[in-house]
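J.: Quick one: structure below, then a few questions.
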Amino acid sequence: MNSNNKEHYLLKKAFEIIERDGWEKFSLQNLSKQEKIKNEDIKFYFKNKNEIIDKFSTMMDSIVESKVNLDDFKISSKKDNLFELIMLRLEEMKNFKISLVKIIESAKKKPLLLKRISSNVMNTLDFYLELTSCYENTPIDFLKQNTLFFIYSFTFKTWLKDESDDLSSTMAELDRLLTFSEKAEKKIKNFFPI
């Protein structure tokens with residue numbers, strides 16, 4: 001098992017512990033004990049408990065990127081491409097939903113943890129905007145990441161409650177919000193020609 005695969009394996013095991021015990025009770029020592037791996041070997045992958053959050057987000061980004069065909073993006077609309085990327089991420093996170101709920105519940109009482117989660121989401125969305133060539137080097141570029149953050153946040157809340165196999169409610173919500181954003185962007189460009 002190479003280093004990257006080992007890290008992904010440990011992340012999945014960490015999230016199993018979080019699902020069972022919650023974020024507050026999770027520790028790298030617990031992970032070390034469960035997997036019968038020396039604590040210093042765990043520290044090779046994760047310097048501290050909070051780094052689990054960063055590495056999980058990076059893992060999701062890596063999986064999503066591996067599943068898309070960037071050549072297809074050239075012939076699809078930006079809206080459709082963003083829809084595909086976000087839905088792929090949510091589908092990949094489906095098995096971690098309970099763990100994520102427990103982390104978010106803890107984050108509501110811990111501003112620094114909430115800031116860390118938000119920062120990771122913003123980095124992911126910046127990555128998606130780059131992949132879909134949504135940045136156009138115009139003054140409204142700075143709005144795009146924040147707008148997509150709100151879209152993702154509202155969609156994420158719907159996803160948390162969506163128990164359907166095909167995530168139909170989540171897809172409908174994401175499509176509605178992306179469509180609204182697309183129309184708003186066109187109006188802004190018409191009002192302020194750039």
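Every chain in the structure tokens takes a letter, A first, then B, and so on in the order presented; its residues are numbered from 1, and the ligands are numbered from 1 following the presented order.
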Check the DSSP output for the backbone and give back, as a ChimeraX atom specification, the residues of stretch 22-177 of chain A in alpha helix (DSSP H).
T.: /A:28-35,39-45,51-67,70-73,78-92,97-107,111-131,141-161,168-177
J.: Check which residues of stretch 15-93 of chain A sit at most 12 Å from stretch 145-149 of chain A using only C-alpha atoms, and return one row each with the closest pair of atoms and their distance in Å to one decimal, ordered by chain and rising number, as a Markdown table.
T.:
```
| residue | atom | partner | partner_atom | distance |
| --- | --- | --- | --- | --- |
| A:Lys79 | CA | A:Leu148 | CA | 10.9 |
| A:Leu82 | CA | A:Leu148 | CA | 9.2 |
| A:Phe83 | CA | A:Leu148 | CA | 10.8 |
| A:Ile86 | CA | A:Leu148 | CA | 10.1 |
```
J.: Give me the residues near stretch 15-26 of chain A as an mmCIF file with N, CA and C atoms, in the first residue's frame, where near means some atom within 7 Å (using only C-alpha atoms) and where sequence neighbours in that chain fewer than 5 positions away do not count.
T.:
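selection-v4.cif, freshly written:
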```
data_model
loop_
_atom_site.group_PDB
_atom_site.id
_atom_site.type_symbol
_atom_site.label_atom_id
_atom_site.label_comp_id
_atom_site.auth_asym_id
_atom_site.auth_seq_id
_atom_site.Cartn_x
_atom_site.Cartn_y
_atom_site.Cartn_z
ATOM 1 N N PHE A 96 -19.960 9.013 4.470
ATOM 2 C CA PHE A 96 -19.391 9.725 5.622
ATOM 3 C C PHE A 96 -20.405 10.694 6.241
ATOM 4 N N ILE A 98 -22.929 10.562 8.415
ATOM 5 C CA ILE A 98 -23.124 10.583 9.868
ATOM 6 C C ILE A 98 -21.928 11.238 10.562
ATOM 7 N N SER A 99 -20.727 10.892 10.110
ATOM 8 C CA SER A 99 -19.509 11.483 10.679
ATOM 9 C C SER A 99 -19.490 12.990 10.452
ATOM 10 N N LYS A 102 -21.743 14.852 12.786
ATOM 11 C CA LYS A 102 -21.166 14.957 14.133
ATOM 12 C C LYS A 102 -20.061 16.012 14.193
ATOM 13 N N ILE A 103 -19.280 16.104 13.127
ATOM 14 C CA ILE A 103 -18.230 17.132 13.075
ATOM 15 C C ILE A 103 -18.863 18.520 13.031
ATOM 16 N N SER A 106 -20.237 19.658 16.335
ATOM 17 C CA SER A 106 -19.155 20.128 17.213
ATOM 18 C C SER A 106 -18.662 21.505 16.781
#
```
J.: One decimal, in Å: what's the spacing between atom CA of A:Glu40 and atom CA of A:Lys13?
T.: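 So the answer is 17.0 Å.
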J.: Near stretch 64-75 of chain A, counting only C-alpha atoms, which residues have an atom at most 9 Å away, once you skip same-chain residues fewer than 5 positions from it, shown as a list in words?
T.: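 Surrounding residues, per the criterion: Met59, Asp80, Asn81, Glu84, Leu85, Ile86, Leu88, Arg89, Glu92, Leu131 and Thr132 of chain A.
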J.: For the residues in that selection, give me C-alpha atoms as a CSV table (one decimal), in the first residue's frame.
T.:
```
chain,number,residue,atom,x,y,z
A,59,MET,CA,-9.1,13.3,-0.6
A,80,ASP,CA,-23.5,21.9,-15.9
A,81,ASN,CA,-19.8,21.4,-15.1
A,84,GLU,CA,-21.3,17.6,-12.0
A,85,LEU,CA,-18.4,18.4,-9.7
A,86,ILE,CA,-20.5,19.3,-6.7
A,88,LEU,CA,-19.8,14.0,-7.5
A,89,ARG,CA,-18.4,15.3,-4.2
A,92,GLU,CA,-18.5,10.5,-2.6
A,131,LEU,CA,-11.5,23.5,-13.4
A,132,THR,CA,-14.6,24.8,-15.1
```
J.: Just checking: using only C-alpha atoms, which residue out of A:Leu160, A:Asp175, A:Leu113, A:Phe127 ends up closest to A:Ile53?
T.: A:Leu113
J.: Compile the contact shell of A:Gln29 as a PyMOL selection string: residues with an atom at most 7 Å away, counting only C-alpha atoms, same-chain residues fewer than 3 positions apart removed.
T.: chain A and resi 32-33+39
J.: For C-alpha atoms, I'd like the residues from the last selection saved as a PDB file, in the first residue's frame.
T.:
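Generated output (selection-v2.pdb):
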```pdb
ATOM      1  CA  SER A  32      -3.459   4.469  16.529  1.00  0.00           C
ATOM      2  CA  LYS A  33      -4.867   2.002  19.055  1.00  0.00           C
ATOM      3  CA  ASN A  39       1.436   6.926  17.288  1.00  0.00           C
TER       4      ASN A  39
END
```
J.: Leaving out A:Phe156 and any residue of its chain fewer than 5 positions from it, which residues lie within 9 Å of it when counting only C-alpha atoms, given as a list in words?
T.: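 In the requested format, the answer is Leu90, Ile151, Lys161 and Thr170 of chain A.
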J.: For a quick check of understanding, using only C-alpha atoms, which of A:Asn5, A:Gln34, A:Ser27, A:Thr58 has the smallest distance to A:Asn120?
T.: A:Thr58
J.: Could you name the residues that touch A:Ser169 at 8 Å or less, counting only C-alpha atoms, but leaving out those on the same chain fewer than 4 positions away, as a ChimeraX atom specification?
T.: /A:158-159,162,164,173
J.: Determine the nearest neighbour of A:Asn50 from the options A:Ser133, A:Leu114, A:Leu143, A:Lys36, counting only C-alpha atoms.
T.: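 Checking each of A:Ser133, A:Leu114, A:Leu143, A:Lys36 against A:Asn50, counting only C-alpha atoms, the winner is A:Leu114.
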